[in-house]
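*Asks:* I am attaching a structure below and will ask some questions about it afterwards.
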Protein chains: 2
Amino acid sequence: MRMSEGVEWALHCATVLALLPEGTTLPAARLAEFHELPPAYLAKVFQQLTRAGIVAATPGRHGGYRLAKPATEITVLDIVLAVDGDETAFRCTEIRRRGPAKVADRHYTPRCGIAATMWRAEEAWRAELAKTTVMDLVVTTAQQASPKALEKGAVWLAGQLRPGTAPQG
Amino acid sequence: MRMSEGVEWALHCATVLALLPEGTTLPAARLAEFHELPPAYLAKVFQQLTRAGIVAATPGRHGGYRLAKPATEITVLDIVLAVDGDETAFRCTEIRRRGPAKVADRHYTPRCGIAATMWRAEEAWRAELAKTTVMDLVVTTAQQASPKALEKGAVWLAGQLRPGTAPQG
């Protein structure tokens with residue numbers, strides 16, 4: 001079981017976007033450069049984040065991305081589901097209803113007990129991911145990063161900003 | 001993110017093996033028949049379960065499988081890790097250490113805060129899976145199944161049993 005690597009990219013990029021001054025945006029290509037990621041694949045991840053209402057783009061040659069809502073209102077779970085899809089990792093194929101012990105459909109409970117156990121664990125995983133917001137990631141990152149890395153990052157990013165619509169008014 | 005379908009098969013098969021009378025075994029091919037599963041793929045799943053010490057085989061033409069320890073001592077997590085591997089679903093590729101803000105390795109915390117958040121959620125998922133044993137699945141299945149399905153299953157299974165070593169003495 002492996003999560004799409006786009007999840008890692010999206011979490012780091014959202015953390016960077018949360019640091020943008022109001023009224024500015026950043027092109028996805030610059031975010032790709034910042035993390036040394038393949039720009040075409042990262043662009044696809046940004047399409048997914050846009051569809052999910054997590055980021056918004058200012059169109060045009062001078063356009064770029066910003067968070068579509070405050071970083072305190074975007075959870076890690078929102079990003080994981082946007083990029084990796086919201087299907088459960090465990091897929092029940094109802095094998096209990098097959099073979100020599102098969103009986104008519106009306107004799108089965110709607111949900112197999114084994115699947116229910118697996119999905120309960122996925123709910124615990126989702127609940128944990130929903131506890132952390134992008135703003136929490138910003139705080140953790142800022143606390144962890146060395147002053148030198150923060151300064152280098154800030155200087156580089158400041159040179160890449162584009163004017164853009166301010167986050168929701 | 002999708003879990004191997006072998007996990008579903010293994011959980012159902014372990015639940016059936018937990019019902020075998022002491023001193024009997026069941027060939028994997030019969031378990032495949034019982035659930036209408038591809039025998040060759042199921043045989044691979046049984047190799048994984050054997051390596052993990054969850055099932056044990058009586059060799060030979062009349063051989064078969066049994067649980068290698070009591071059903072109360074095998075958790076759903078044991079089976080998931082045996083079949084799907086114990087790597088985390090989220091893989092951190094350390095993208096924080098790349099690009100224009102990169103600094104020397106000694107300036108980074110050993111673990112990226114974003115990866116730590118993701119792995120904390122996986123721990124919650126594993127903890128939940130570790131709460132349920134194969135015996136719990138047997139109880140749930142027995143409570144859920146219709147008397148007719150239980151009877152058909154028991155009759156069919158009784159005809160397929162092989163003599164085998166009793167579960168751990």
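By order of appearance in the structure tokens: chains A, B, ..., then residues from 1 within every chain, and ligands from 1 in the order shown.
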Could you please select, counting only C-alpha atoms, the residues of chain A within 7 Å of chain B and state them as a PDB file with C-alpha atoms, in the first residue's frame?

*Replies:*
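Saved as part_26.pdb:
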```pdb
ATOM      1  CA  MET A   1       0.000   0.000   0.000  1.00  0.00           C
ATOM      2  CA  ARG A   2       1.589   3.213  -1.109  1.00  0.00           C
ATOM      3  CA  MET A   3       0.306   6.751  -1.152  1.00  0.00           C
ATOM      4  CA  SER A   4       0.872   8.871  -4.265  1.00  0.00           C
ATOM      5  CA  GLU A  33      11.796  24.642  -8.681  1.00  0.00           C
ATOM      6  CA  PHE A  34      11.704  25.316  -4.937  1.00  0.00           C
ATOM      7  CA  HIS A  35      11.376  21.586  -4.210  1.00  0.00           C
ATOM      8  CA  GLU A  36      13.134  20.243  -7.344  1.00  0.00           C
ATOM      9  CA  ASP A  84      -4.936  10.491  -3.523  1.00  0.00           C
ATOM     10  CA  ALA A  89      -7.548   1.608   0.834  1.00  0.00           C
ATOM     11  CA  PHE A  90      -9.325  -1.637   1.698  1.00  0.00           C
ATOM     12  CA  ILE A  95     -15.953 -12.951  -1.118  1.00  0.00           C
ATOM     13  CA  ARG A  96     -18.154 -14.124   1.767  1.00  0.00           C
ATOM     14  CA  ARG A  98     -19.210 -16.850  -3.027  1.00  0.00           C
ATOM     15  CA  GLY A  99     -18.431 -20.530  -3.179  1.00  0.00           C
ATOM     16  CA  PRO A 100     -20.101 -23.660  -1.793  1.00  0.00           C
ATOM     17  CA  ALA A 101     -21.516 -21.910   1.301  1.00  0.00           C
ATOM     18  CA  LYS A 102     -23.237 -19.217  -0.758  1.00  0.00           C
ATOM     19  CA  VAL A 103     -26.842 -18.451   0.159  1.00  0.00           C
ATOM     20  CA  HIS A 107     -29.350 -13.665   4.109  1.00  0.00           C
ATOM     21  CA  TYR A 108     -26.277 -11.396   4.274  1.00  0.00           C
ATOM     22  CA  THR A 109     -25.819  -8.351   6.462  1.00  0.00           C
ATOM     23  CA  GLY A 113     -17.748  -7.667   9.457  1.00  0.00           C
ATOM     24  CA  ILE A 114     -14.219  -8.022   8.144  1.00  0.00           C
ATOM     25  CA  ALA A 121      -9.104   1.602  11.130  1.00  0.00           C
ATOM     26  CA  GLU A 122      -9.198   3.860   8.074  1.00  0.00           C
ATOM     27  CA  ALA A 124      -9.021   6.410  12.774  1.00  0.00           C
ATOM     28  CA  TRP A 125      -6.375   7.314  10.193  1.00  0.00           C
ATOM     29  CA  GLU A 128      -5.894  11.804  12.860  1.00  0.00           C
ATOM     30  CA  LEU A 129      -5.140  13.531   9.531  1.00  0.00           C
ATOM     31  CA  LEU A 137       2.380  22.458   9.313  1.00  0.00           C
ATOM     32  CA  THR A 140       5.999  22.971  12.817  1.00  0.00           C
ATOM     33  CA  THR A 141       8.125  23.754   9.771  1.00  0.00           C
ATOM     34  CA  GLN A 144      12.064  22.922  12.885  1.00  0.00           C
ATOM     35  CA  ALA A 145      13.861  24.759  10.106  1.00  0.00           C
ATOM     36  CA  SER A 146      17.248  26.321  10.716  1.00  0.00           C
ATOM     37  CA  ALA A 149      17.258  27.751   5.587  1.00  0.00           C
ATOM     38  CA  LYS A 152      17.382  31.482   2.077  1.00  0.00           C
ATOM     39  CA  GLY A 153      13.831  30.307   1.396  1.00  0.00           C
ATOM     40  CA  TRP A 156      14.201  33.208  -2.952  1.00  0.00           C
TER      41      TRP A 156
END
```

*Asks:* Where in chain A does DSSP assign helix (DSSP H, G or I), given as a ChimeraX atom specification?

*Replies:* /A:5-17,28-35,39-51,71-73,76-84,95-97,105-107,113-130,134-144,147-158

*Asks:* I'm after chain A in the frame of chain B: fit it by least squares over all Cα atoms matched in order, and give me the output as a tab-separated table (two decimals) with C-alpha atoms, in the first residue's frame.

*Replies:*
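File produced: part_15.tsv:
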```tsv
chain	number	residue	atom	x	y	z
A	1	MET	CA	-3.81	4.26	-2.19
A	2	ARG	CA	-5.01	0.71	-2.41
A	3	MET	CA	-4.36	-2.28	-0.23
A	4	SER	CA	-3.52	-5.61	-1.88
A	5	GLU	CA	-6.62	-7.75	-2.37
A	6	GLY	CA	-4.63	-10.55	-0.74
A	7	VAL	CA	-5.37	-8.86	2.59
A	8	GLU	CA	-9.10	-9.47	2.17
A	9	TRP	CA	-8.45	-13.08	1.17
A	10	ALA	CA	-6.06	-13.72	4.06
A	11	LEU	CA	-8.49	-12.30	6.63
A	12	HIS	CA	-11.33	-14.50	5.40
A	13	CYS	CA	-9.12	-17.59	5.14
A	14	ALA	CA	-7.68	-17.09	8.64
A	15	THR	CA	-11.25	-16.84	9.95
A	16	VAL	CA	-12.06	-20.19	8.33
A	17	LEU	CA	-8.85	-21.82	9.61
A	18	ALA	CA	-9.75	-20.68	13.13
A	19	LEU	CA	-12.84	-22.92	12.91
A	20	LEU	CA	-10.94	-26.14	12.09
A	21	PRO	CA	-11.17	-28.91	14.68
A	22	GLU	CA	-7.90	-29.52	16.51
A	23	GLY	CA	-5.59	-31.86	14.64
A	24	THR	CA	-6.93	-31.04	11.19
A	25	THR	CA	-5.71	-28.87	8.31
A	26	LEU	CA	-7.15	-27.50	5.10
A	27	PRO	CA	-5.30	-27.22	1.74
A	28	ALA	CA	-5.03	-23.70	0.32
A	29	ALA	CA	-6.70	-24.96	-2.86
A	30	ARG	CA	-9.84	-25.82	-0.84
A	31	LEU	CA	-9.82	-22.36	0.74
A	32	ALA	CA	-9.56	-20.90	-2.77
A	33	GLU	CA	-12.58	-22.99	-3.78
A	34	PHE	CA	-14.50	-21.93	-0.68
A	35	HIS	CA	-14.11	-18.25	-1.61
A	36	GLU	CA	-13.83	-18.66	-5.42
A	37	LEU	CA	-10.33	-17.19	-5.47
A	38	PRO	CA	-7.50	-17.80	-7.98
A	39	PRO	CA	-5.57	-20.71	-6.38
A	40	ALA	CA	-2.12	-19.65	-7.61
A	41	TYR	CA	-2.45	-16.14	-6.17
A	42	LEU	CA	-3.90	-17.44	-2.94
A	43	ALA	CA	-0.94	-19.84	-2.65
A	44	LYS	CA	1.36	-16.81	-2.72
A	45	VAL	CA	-0.63	-15.16	0.05
A	46	PHE	CA	-0.23	-18.34	2.11
A	47	GLN	CA	3.53	-18.23	1.57
A	48	GLN	CA	3.50	-14.72	3.04
A	49	LEU	CA	1.36	-15.84	5.99
A	50	THR	CA	3.69	-18.80	6.57
A	51	ARG	CA	6.78	-16.59	6.56
A	52	ALA	CA	5.10	-14.33	9.13
A	53	GLY	CA	4.34	-17.30	11.40
A	54	ILE	CA	0.57	-16.85	11.09
A	55	VAL	CA	-0.20	-20.19	9.40
A	56	ALA	CA	1.75	-23.43	9.22
A	57	ALA	CA	1.57	-26.19	6.63
A	58	THR	CA	1.59	-29.93	7.01
A	59	PRO	CA	3.61	-30.97	3.96
A	60	GLY	CA	2.76	-33.62	1.42
A	61	ARG	CA	-0.06	-34.67	-0.81
A	62	HIS	CA	-2.45	-34.90	2.09
A	63	GLY	CA	-1.13	-31.76	3.75
A	64	GLY	CA	-2.86	-28.53	4.43
A	65	TYR	CA	-2.79	-25.36	6.45
A	66	ARG	CA	-3.72	-24.53	10.02
A	67	LEU	CA	-3.20	-21.39	12.11
A	68	ALA	CA	0.30	-21.42	13.61
A	69	LYS	CA	-0.95	-19.96	16.88
A	70	PRO	CA	-4.25	-19.45	18.68
A	71	ALA	CA	-6.75	-17.18	16.90
A	72	THR	CA	-6.78	-14.97	20.01
A	73	GLU	CA	-3.08	-14.22	19.43
A	74	ILE	CA	-3.24	-13.21	15.76
A	75	THR	CA	-4.35	-9.65	15.12
A	76	VAL	CA	-5.73	-8.14	11.94
A	77	LEU	CA	-2.62	-5.95	11.88
A	78	ASP	CA	-0.38	-9.05	11.86
A	79	ILE	CA	-2.18	-10.27	8.73
A	80	VAL	CA	-2.17	-6.88	6.99
A	81	LEU	CA	1.58	-6.44	7.54
A	82	ALA	CA	2.30	-10.03	6.47
A	83	VAL	CA	0.46	-9.65	3.17
A	84	ASP	CA	0.83	-5.97	2.35
A	85	GLY	CA	4.30	-5.40	3.80
A	86	ASP	CA	5.26	-3.22	6.72
A	87	GLU	CA	6.40	-0.16	4.83
A	88	THR	CA	4.48	3.00	5.60
A	89	ALA	CA	1.96	4.18	2.99
A	90	PHE	CA	3.45	7.67	3.11
A	91	ARG	CA	7.08	7.73	1.94
A	92	CYS	CA	9.08	10.83	2.74
A	93	THR	CA	11.52	11.75	-0.01
A	94	GLU	CA	12.94	14.70	1.96
A	95	ILE	CA	11.98	17.35	-0.56
A	96	ARG	CA	12.53	19.95	2.18
A	97	ARG	CA	16.28	19.43	1.63
A	98	ARG	CA	16.23	20.40	-2.02
A	99	GLY	CA	16.12	23.50	-4.15
A	100	PRO	CA	17.23	27.11	-3.65
A	101	ALA	CA	16.63	27.10	0.13
A	102	LYS	CA	18.80	24.02	0.67
A	103	VAL	CA	21.29	24.21	3.53
A	104	ALA	CA	23.84	21.72	4.85
A	105	ASP	CA	22.41	18.43	6.14
A	106	ARG	CA	23.36	19.19	9.75
A	107	HIS	CA	20.79	22.02	9.83
A	108	TYR	CA	17.80	19.68	9.38
A	109	THR	CA	15.90	17.88	12.10
A	110	PRO	CA	16.17	14.12	11.58
A	111	ARG	CA	12.47	13.83	10.77
A	112	CYS	CA	10.47	16.22	8.61
A	113	GLY	CA	7.42	17.54	10.49
A	114	ILE	CA	5.14	16.82	7.56
A	115	ALA	CA	6.24	13.17	7.42
A	116	ALA	CA	5.83	12.92	11.20
A	117	THR	CA	2.20	14.07	10.86
A	118	MET	CA	1.52	11.48	8.17
A	119	TRP	CA	3.15	8.66	10.13
A	120	ARG	CA	1.24	9.59	13.31
A	121	ALA	CA	-1.98	8.92	11.39
A	122	GLU	CA	-0.62	5.58	10.17
A	123	GLU	CA	0.16	4.68	13.77
A	124	ALA	CA	-3.51	5.35	14.67
A	125	TRP	CA	-4.55	3.07	11.81
A	126	ARG	CA	-2.20	0.31	12.94
A	127	ALA	CA	-3.30	0.65	16.56
A	128	GLU	CA	-6.90	0.19	15.51
A	129	LEU	CA	-6.07	-2.90	13.43
A	130	ALA	CA	-4.10	-4.36	16.34
A	131	LYS	CA	-7.21	-4.21	18.53
A	132	THR	CA	-9.03	-6.94	16.59
A	133	THR	CA	-7.93	-10.58	16.62
A	134	VAL	CA	-8.84	-13.41	14.25
A	135	MET	CA	-10.98	-14.77	17.09
A	136	ASP	CA	-12.93	-11.48	17.10
A	137	LEU	CA	-13.49	-11.91	13.35
A	138	VAL	CA	-14.78	-15.44	13.98
A	139	VAL	CA	-17.26	-14.14	16.56
A	140	THR	CA	-18.43	-11.29	14.32
A	141	THR	CA	-18.78	-13.60	11.33
A	142	ALA	CA	-20.70	-16.19	13.35
A	143	GLN	CA	-23.04	-13.50	14.68
A	144	GLN	CA	-23.61	-12.00	11.25
A	145	ALA	CA	-23.95	-15.09	9.08
A	146	SER	CA	-27.34	-16.65	8.49
A	147	PRO	CA	-27.82	-20.13	10.04
A	148	LYS	CA	-28.28	-21.51	6.54
A	149	ALA	CA	-24.91	-20.18	5.33
A	150	LEU	CA	-23.18	-21.42	8.47
A	151	GLU	CA	-24.62	-24.89	8.00
A	152	LYS	CA	-23.71	-25.06	4.31
A	153	GLY	CA	-20.19	-23.85	5.11
A	154	ALA	CA	-19.71	-26.31	7.97
A	155	VAL	CA	-20.89	-29.29	5.92
A	156	TRP	CA	-18.66	-28.39	2.99
A	157	LEU	CA	-15.60	-27.75	5.16
A	158	ALA	CA	-16.08	-30.98	7.12
A	159	GLY	CA	-15.68	-32.89	3.87
A	160	GLN	CA	-12.36	-31.18	3.04
A	161	LEU	CA	-10.43	-31.53	6.29
A	162	ARG	CA	-7.07	-33.28	6.36
A	163	PRO	CA	-5.37	-34.78	9.38
A	164	GLY	CA	-2.61	-32.51	10.61
A	165	THR	CA	-0.53	-31.54	13.56
A	166	ALA	CA	-2.59	-30.08	16.36
A	167	PRO	CA	-2.08	-26.33	16.87
A	168	GLN	CA	1.00	-25.86	19.12
A	169	GLY	CA	0.57	-28.92	21.41
```

*Asks:* So which bits of range 43-123 of chain B end up strand (DSSP E) when you DSSP the backbone, as a list of chain:residue names?

*Replies:*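 Of range 43-123 of chain B, only B:Val55, B:Ala56, B:Ala57, B:Thr58, B:Gly64, B:Tyr65, B:Arg66, B:Leu67 fall in strand (DSSP E).
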
*Asks:* Restricted to C-alpha atoms, what would the selected residues look like written as an mmCIF file, in the first residue's frame?

*Replies:*
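So selection15.cif came out as:
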```
data_model
loop_
_atom_site.group_PDB
_atom_site.id
_atom_site.type_symbol
_atom_site.label_atom_id
_atom_site.label_comp_id
_atom_site.auth_asym_id
_atom_site.auth_seq_id
_atom_site.Cartn_x
_atom_site.Cartn_y
_atom_site.Cartn_z
ATOM 1 C CA VAL B 55 -0.194 -20.178 9.407
ATOM 2 C CA ALA B 56 1.752 -23.425 9.227
ATOM 3 C CA ALA B 57 1.578 -26.181 6.637
ATOM 4 C CA THR B 58 1.596 -29.932 6.993
ATOM 5 C CA GLY B 64 -2.852 -28.517 4.446
ATOM 6 C CA TYR B 65 -2.786 -25.348 6.459
ATOM 7 C CA ARG B 66 -3.725 -24.508 10.019
ATOM 8 C CA LEU B 67 -3.211 -21.397 12.116
#
```
